[in-house]
file structure.txt (compact mmCIF, C-alpha atoms and all ligand atoms)
# COMPACT_ATOMS: atom_id res chain seq x y z
CA MET A 1 52.80 -24.97 0.71
CA PRO A 2 54.57 -21.88 2.07
CA ARG A 3 53.34 -20.66 5.43
CA ILE A 4 54.13 -18.02 8.00
CA THR A 5 54.07 -19.05 11.66
CA PRO A 6 53.86 -16.78 14.73
CA GLU A 7 57.54 -17.67 15.29
CA THR A 8 58.55 -16.43 11.84
CA THR A 9 61.80 -14.56 11.39
CA ILE A 10 61.89 -11.45 9.22
CA LYS A 11 63.89 -13.48 6.69
CA GLN A 12 61.30 -16.28 6.57
CA TYR A 13 58.55 -13.72 6.00
CA GLN A 14 60.59 -12.06 3.25
CA ASP A 15 61.25 -15.47 1.63
CA PHE A 16 57.53 -16.29 1.83
CA ILE A 17 56.65 -13.06 0.02
CA ARG A 18 59.27 -13.84 -2.64
CA GLU A 19 57.90 -17.34 -3.16
CA VAL A 20 54.24 -16.32 -3.36
CA TYR A 21 54.51 -12.93 -5.09
CA GLY A 22 57.95 -12.83 -6.76
CA LYS A 23 56.84 -14.26 -10.09
CA PRO A 24 53.66 -12.21 -10.62
CA ASN A 25 55.46 -9.09 -9.37
CA ASP A 26 58.28 -9.58 -11.87
CA ARG A 27 55.82 -10.09 -14.71
CA HIS A 28 53.21 -7.46 -13.88
CA PHE A 29 54.71 -4.70 -11.76
CA SER A 30 57.50 -2.17 -12.08
CA LEU A 31 59.41 -1.01 -9.00
CA TRP A 32 57.29 2.16 -9.06
CA ASP A 33 54.05 0.16 -9.24
CA MET A 34 55.09 -1.75 -6.12
CA LEU A 35 56.18 1.39 -4.30
CA SER A 36 52.88 3.08 -5.11
CA ASN A 37 51.08 0.08 -3.59
CA VAL A 38 53.19 0.41 -0.42
CA GLU A 39 52.15 4.07 -0.28
CA ARG A 40 48.53 3.40 -1.21
CA PHE A 41 47.93 0.85 1.55
CA THR A 42 49.94 2.85 4.09
CA MET A 43 47.77 5.90 3.39
CA ARG A 44 44.65 3.77 3.87
CA SER A 45 46.04 2.65 7.21
CA LEU A 46 46.59 6.29 8.19
CA LYS A 47 42.97 7.02 7.30
CA GLY A 48 42.09 4.28 9.82
CA ILE A 49 44.04 6.22 12.47
CA ARG A 50 42.19 9.46 11.64
CA LYS A 51 38.82 7.65 11.74
CA ASN A 52 39.75 5.73 14.88
CA ASN A 53 39.14 2.48 12.99
CA GLN A 54 41.78 0.06 14.27
CA ASN A 55 40.65 -2.74 11.99
CA LYS A 56 41.18 -0.59 8.90
CA THR A 57 44.64 0.44 10.11
CA ARG A 58 45.65 -3.12 10.98
CA PHE A 59 44.49 -4.73 7.74
CA ASN A 60 45.85 -2.09 5.36
CA LEU A 61 49.17 -1.82 7.17
CA LEU A 62 49.68 -5.59 6.93
CA ILE A 63 49.16 -5.34 3.17
CA ALA A 64 51.44 -2.30 2.95
CA LEU A 65 54.11 -4.27 4.83
CA SER A 66 53.82 -7.13 2.35
CA TRP A 67 54.14 -4.79 -0.68
CA PHE A 68 57.12 -3.25 1.11
CA MET A 69 58.69 -6.73 1.34
CA SER A 70 58.05 -7.24 -2.39
CA THR A 71 59.78 -3.92 -3.07
CA LEU A 72 62.79 -4.97 -0.98
CA ASN A 73 62.92 -8.31 -2.79
CA ARG A 74 63.04 -6.47 -6.12
CA LEU A 75 65.95 -4.38 -4.79
CA HIS A 76 67.68 -7.42 -3.20
CA ILE A 77 67.72 -5.83 0.25
CA GLU A 78 67.72 -8.23 3.22
CA LEU A 79 65.53 -6.43 5.74
CA ASP A 80 66.69 -8.50 8.72
CA GLU A 81 70.26 -7.26 8.19
CA SER A 82 69.40 -3.65 7.46
CA VAL A 83 67.14 -3.36 10.53
CA TRP A 84 69.72 -4.83 12.90
CA LYS A 85 72.49 -2.60 11.56
CA ARG A 86 70.31 0.48 11.96
CA PHE A 87 68.63 -0.44 15.28
CA PRO A 88 70.95 -2.66 17.37
CA TYR A 89 68.62 -2.48 20.40
CA LEU A 90 69.30 1.28 20.38
CA CYS A 91 67.72 4.33 18.78
CA SER A 92 69.48 4.92 15.45
CA TYR A 93 69.76 8.61 16.28
CA CYS A 94 70.55 9.10 19.98
CA ALA A 95 72.05 5.57 20.44
CA SER A 96 70.09 4.92 23.65
CA CYS A 97 67.29 2.57 24.75
CA PRO A 98 64.73 3.89 25.41
CA CYS A 99 65.23 6.69 22.90
CA SER A 100 66.06 10.02 24.53
CA CYS A 101 65.99 12.21 21.40
CA MET A 102 63.12 14.35 22.74
CA GLU A 103 64.49 15.05 26.25
CA ASN A 104 68.04 15.61 25.15
CA GLY A 105 67.31 17.57 21.97
CA ILE A 106 69.78 15.54 19.93
CA ASP A 107 70.55 17.39 16.71
CA LYS A 108 73.29 15.17 15.35
CA ARG A 109 73.18 11.41 14.78
CA LYS A 110 75.40 9.51 17.24
CA GLU A 111 77.63 6.53 16.49
CA VAL A 112 75.51 3.44 17.31
CA PRO A 113 77.53 0.53 18.76
CA VAL A 114 76.42 -2.98 17.76
CA ASP A 115 76.33 -5.78 20.36
CA ASN A 116 75.42 -8.89 18.36
CA SER A 117 74.60 -10.86 21.53
CA LYS A 118 71.39 -8.79 21.78
CA ARG A 119 70.22 -9.47 18.24
CA PRO A 120 66.54 -10.51 18.13
CA VAL A 121 65.76 -13.80 16.36
CA THR A 122 62.08 -13.74 15.44
CA LEU A 123 59.90 -10.99 14.01
CA GLU A 124 58.11 -10.90 17.38
CA ASP A 125 61.47 -10.36 19.13
CA PHE A 126 62.16 -7.43 16.78
CA GLN A 127 58.73 -5.99 17.57
CA THR A 128 59.50 -6.29 21.31
CA MET A 129 62.84 -4.55 20.71
CA PHE A 130 61.14 -1.60 18.98
CA GLY A 131 58.67 -1.38 21.87
CA LYS A 132 61.61 -0.99 24.26
CA ILE A 133 63.50 1.56 22.14
CA TYR A 134 60.36 3.58 21.35
CA PRO A 135 57.87 3.03 24.21
CA THR A 136 54.30 3.65 23.08
CA GLU A 137 53.52 5.77 26.13
CA ASN A 138 56.02 8.37 24.91
CA ARG A 139 53.97 9.28 21.81
CA THR A 140 50.47 9.01 20.34
CA ILE A 141 49.44 6.72 17.47
CA GLU A 142 48.88 9.87 15.36
CA HIS A 143 52.51 10.81 15.96
CA ALA A 144 53.62 7.28 14.98
CA GLY A 145 51.49 7.51 11.82
CA VAL A 146 52.89 10.89 10.74
CA HIS A 147 56.40 9.59 11.35
CA LEU A 148 55.65 6.57 9.14
CA ALA A 149 54.42 8.84 6.31
CA GLU A 150 57.58 10.93 6.63
CA GLU A 151 59.88 7.89 6.47
CA LEU A 152 58.02 6.44 3.51
CA GLY A 153 58.62 9.71 1.67
CA GLU A 154 62.33 9.50 2.47
CA PHE A 155 62.44 5.88 1.27
CA SER A 156 60.82 6.92 -2.05
CA GLU A 157 63.24 9.83 -2.44
CA ALA A 158 66.22 7.55 -1.78
CA ILE A 159 65.04 5.11 -4.46
CA LEU A 160 64.48 7.96 -6.91
CA ALA A 161 68.01 9.28 -6.28
CA TYR A 162 69.55 5.81 -6.67
CA MET A 163 67.65 5.01 -9.87
CA GLY A 164 68.85 8.32 -11.32
CA GLU A 165 72.56 7.80 -10.70
CA HIS A 166 73.06 4.10 -9.84
CA LYS A 167 75.76 4.89 -7.27
CA ASP A 168 76.57 2.48 -4.41
CA GLY A 169 76.48 5.27 -1.81
CA LEU A 170 72.94 6.14 -2.87
CA PHE A 171 71.93 2.49 -2.59
CA GLU A 172 73.26 2.46 1.00
CA LYS A 173 70.83 5.28 1.72
CA VAL A 174 67.95 3.16 0.34
CA ILE A 175 69.00 0.36 2.74
CA LEU A 176 69.04 2.73 5.73
CA GLU A 177 65.67 4.21 4.82
CA SER A 178 64.16 0.73 4.46
CA ALA A 179 65.05 0.04 8.11
CA ASP A 180 63.45 3.34 9.16
CA VAL A 181 60.22 2.54 7.31
CA PHE A 182 60.08 -0.88 8.97
CA SER A 183 60.65 0.58 12.43
CA CYS A 184 57.78 3.04 11.88
CA ILE A 185 55.39 0.35 10.63
CA ILE A 186 56.17 -1.76 13.70
CA SER A 187 55.72 1.29 15.94
CA VAL A 188 52.18 1.86 14.64
CA PHE A 189 51.38 -1.80 15.39
CA ASN A 190 52.91 -1.37 18.86
CA SER A 191 50.65 1.62 19.45
CA MET A 192 47.66 -0.66 18.77
CA GLY A 193 49.03 -3.55 20.84
CA ILE A 194 48.97 -5.84 17.78
CA ASN A 195 51.39 -8.77 17.36
CA VAL A 196 52.50 -8.51 13.72
CA ALA A 197 53.83 -12.08 13.36
CA LYS A 198 50.58 -13.51 14.73
CA GLU A 199 48.52 -11.36 12.33
CA LEU A 200 50.68 -12.35 9.35
CA SER A 201 50.43 -16.03 10.28
CA ASP A 202 46.61 -15.72 10.24
CA MET A 203 46.51 -13.68 7.05
CA PHE A 204 48.93 -15.92 5.15
CA SER A 205 47.91 -19.29 6.59
CA ASN A 206 47.34 -20.53 3.05
CA ASN A 207 49.51 -18.85 0.39
CA CYS A 208 48.23 -15.53 -1.05
CA HIS A 209 45.67 -14.06 1.39
CA THR A 210 43.29 -13.32 -1.49
CA CYS A 211 43.54 -16.03 -4.19
CA LYS A 212 45.05 -18.71 -1.86
CA LYS A 213 47.55 -19.70 -4.57
CA SER A 214 51.35 -19.87 -4.65
CA PRO A 215 52.54 -18.22 -6.79
CA CYS A 216 49.71 -15.70 -6.43
CA GLU A 217 47.27 -15.64 -9.36
CA CYS A 218 45.42 -12.43 -8.49
CA SER A 219 44.87 -10.40 -11.65
CA PHE A 220 46.29 -6.92 -12.13
CA GLY A 221 42.70 -5.63 -12.30
CA SER A 222 41.68 -7.19 -8.99
CA ILE A 223 44.77 -5.74 -7.26
CA VAL A 224 44.05 -2.26 -8.62
CA LYS A 225 40.42 -2.46 -7.50
CA PHE A 226 41.23 -4.18 -4.17
CA LYS A 227 38.89 -2.87 -1.45
CA SER A 228 39.05 -3.35 2.27
ZN ZN A 301 66.53 8.61 19.97
ZN ZN A 302 46.72 -13.75 -5.02
call {"tool": "encode", "arguments": {"input": "structure.txt", "output": "structure tokens"}}
result
Amino acid sequence: MPRITPETTIKQYQDFIREVYGKPNDRHFSLWDMLSNVERFTMRSLKGIRKNNQNKTRFNLLIALSWFMSTLNRLHIELDESVWKRFPYLCSYCASCPCSCMENGIDKRKEVPVDNSKRPVTLEDFQTMFGKIYPTENRTIEHAGVHLAEELGEFSEAILAYMGEHKDGLFEKVILESADVFSCIISVFNSMGINVAKELSDMFSNNCHTCKKSPCECSFGSIVKFKS
């Protein structure tokens, strides 16, 4: 029985999602269906921010994250790798930790050096890393939420461009944008003081969080109607 523990790595979580949802996703959902579910649950989580309902934000963002993982599995993108390449314990834009983009008015992306000795191991370690690069006291949760919406739009655009032309360079852009989306999802959780790995280990303690099967046997209809 596949499980996620609080010590899960990003890769183990991604493998779990593949094992539980890979088959039904391949049979029932196009790439666009999955992407629209990432967007749908992310937007619900943003509504939770507007309504000051932390539970709504937490729950919907965990589901959005899992649809995001399904999308990356379909595209054969290893999130662990793409995140570390983009955020090697440094802001991907100003190349410092904590990020100094605001104070220094950086208008051009800097070269980001990679020191592999600092690479986080578990998902929790990655969450801690993002908390150090982007301290929550430097921005509001509303700001983190708007940034997430913006990055999700860029991820969708990158996929659209790649699917149109099938060029390797355009796929690289999808990989980069996937890391940005992940960093923004984690930042919203950091703003709420929520440990993502712990939440996922509770939610997925027994296969699919809804039907409790592996592979998941939720029907297309129940996923479309899914309420929270
Ligand atoms: Zn920065
Ligand atoms: Zn299910």
call {"tool": "atom_distance", "arguments": {"input": "structure.txt", "atom1": "atom CA of A:Ser178", "atom2": "atom CA of A:Ser191"}}
result
20.2 Å
call {"tool": "residues_near_ligand", "arguments": {"input": "structure.txt", "ligand": "ligand ZN 302 (chain A)", "cutoff": "7 Å", "atoms": "all atoms listed in the file", "output": "compact mmCIF listing (two decimals) with C-alpha atoms, in the frame of the given file"}}
result
# COMPACT_ATOMS: atom_id res chain seq x y z
CA CYS A 208 48.23 -15.53 -1.05
CA HIS A 209 45.67 -14.06 1.39
CA THR A 210 43.29 -13.32 -1.49
CA CYS A 211 43.54 -16.03 -4.19
CA LYS A 212 45.05 -18.71 -1.86
CA LYS A 213 47.55 -19.70 -4.57
CA CYS A 216 49.71 -15.70 -6.43
CA GLU A 217 47.27 -15.64 -9.36
CA CYS A 218 45.42 -12.43 -8.49
call {"tool": "closest_residue", "arguments": {"input": "structure.txt", "among": "A:Lys110, A:Arg18, A:Lys198, A:Lys167", "to": "ligand ZN 301 (chain A)", "atoms": "only C-alpha atoms and all ligand atoms"}}
result
A:Lys110
call {"tool": "closest_residue", "arguments": {"input": "structure.txt", "among": "A:Arg50, A:His76, A:His28, A:Arg119", "to": "A:Thr9", "atoms": "only C-alpha atoms"}}
result
A:Arg119
call {"tool": "closest_residue", "arguments": {"input": "structure.txt", "among": "A:Met34, A:Pro88, A:Trp67, A:Ile186", "to": "A:Val20", "atoms": "all atoms listed in the file"}}
result
A:Trp67
call {"tool": "residues_near_ligand", "arguments": {"input": "structure.txt", "ligand": "ligand ZN 301 (chain A)", "cutoff": "7 Å", "atoms": "all atoms listed in the file", "output": "PyMOL selection string"}}
result
chain A and resi 91-96+99-101
call {"tool": "closest_residue", "arguments": {"input": "structure.txt", "among": "A:Leu75, A:Tyr21, A:Ser36, A:Phe220", "to": "A:Tyr162", "atoms": "only C-alpha atoms"}}
result
A:Leu75
call {"tool": "closest_residue", "arguments": {"input": "structure.txt", "among": "A:Val196, A:Ile185, A:Leu65, A:Met102", "to": "A:Arg139", "atoms": "all atoms listed in the file"}}
result
A:Met102
call {"tool": "atom_distance", "arguments": {"input": "structure.txt", "atom1": "atom CA of A:Pro6", "atom2": "atom CA of A:Ala197"}}
result
4.9 Å
call {"tool": "residues_around", "arguments": {"input": "structure.txt", "residues": "A:Ser183", "least_positions_apart": "4", "cutoff": "7 Å", "atoms": "all atoms listed in the file", "output": "PDB file with C-alpha atoms, keeping the file's coordinate frame"}}
result
ATOM      1  CA  PHE A 130      61.140  -1.600  18.980  1.00  0.00           C
ATOM      2  CA  ALA A 179      65.050   0.040   8.110  1.00  0.00           C
ATOM      3  CA  SER A 187      55.720   1.290  15.940  1.00  0.00           C
TER       4      SER A 187
END
call {"tool": "residues_around", "arguments": {"input": "structure.txt", "residues": "A:Asn52", "least_positions_apart": "5", "cutoff": "12 Å", "atoms": "all atoms listed in the file", "output": "list in words"}}
result
Ser45, Leu46, Lys47, Thr57, Arg58, Ile141, Glu142 and Met192 of chain A
call {"tool": "closest_residue", "arguments": {"input": "structure.txt", "among": "A:Pro135, A:Glu81, A:Trp32, A:Glu111", "to": "A:Met163", "atoms": "only C-alpha atoms"}}
result
A:Trp32
call {"tool": "residues_around", "arguments": {"input": "structure.txt", "residues": "A:Ala158", "least_positions_apart": "3", "cutoff": "10 Å", "atoms": "all atoms listed in the file", "output": "list of chain:residue names"}}
result
A:Leu152, A:Gly153, A:Glu154, A:Phe155, A:Ala161, A:Tyr162, A:Met163, A:Gly164, A:Leu170, A:Phe171, A:Glu172, A:Lys173, A:Val174, A:Ile175, A:Leu176, A:Glu177, A:Ser178
call {"tool": "atom_distance", "arguments": {"input": "structure.txt", "atom1": "atom CA of A:Val83", "atom2": "atom CA of A:Arg27"}}
result
28.5 Å
call {"tool": "residues_near_point", "arguments": {"input": "structure.txt", "point": "(52.2, -3.6, 3.6)", "cutoff": "10 Å", "atoms": "all atoms listed in the file", "output": "JSON, numbers by chain"}}
result
{"A": [37, 38, 39, 40, 41, 42, 45, 58, 59, 60, 61, 62, 63, 64, 65, 66, 67, 68, 69, 70, 182, 185]}
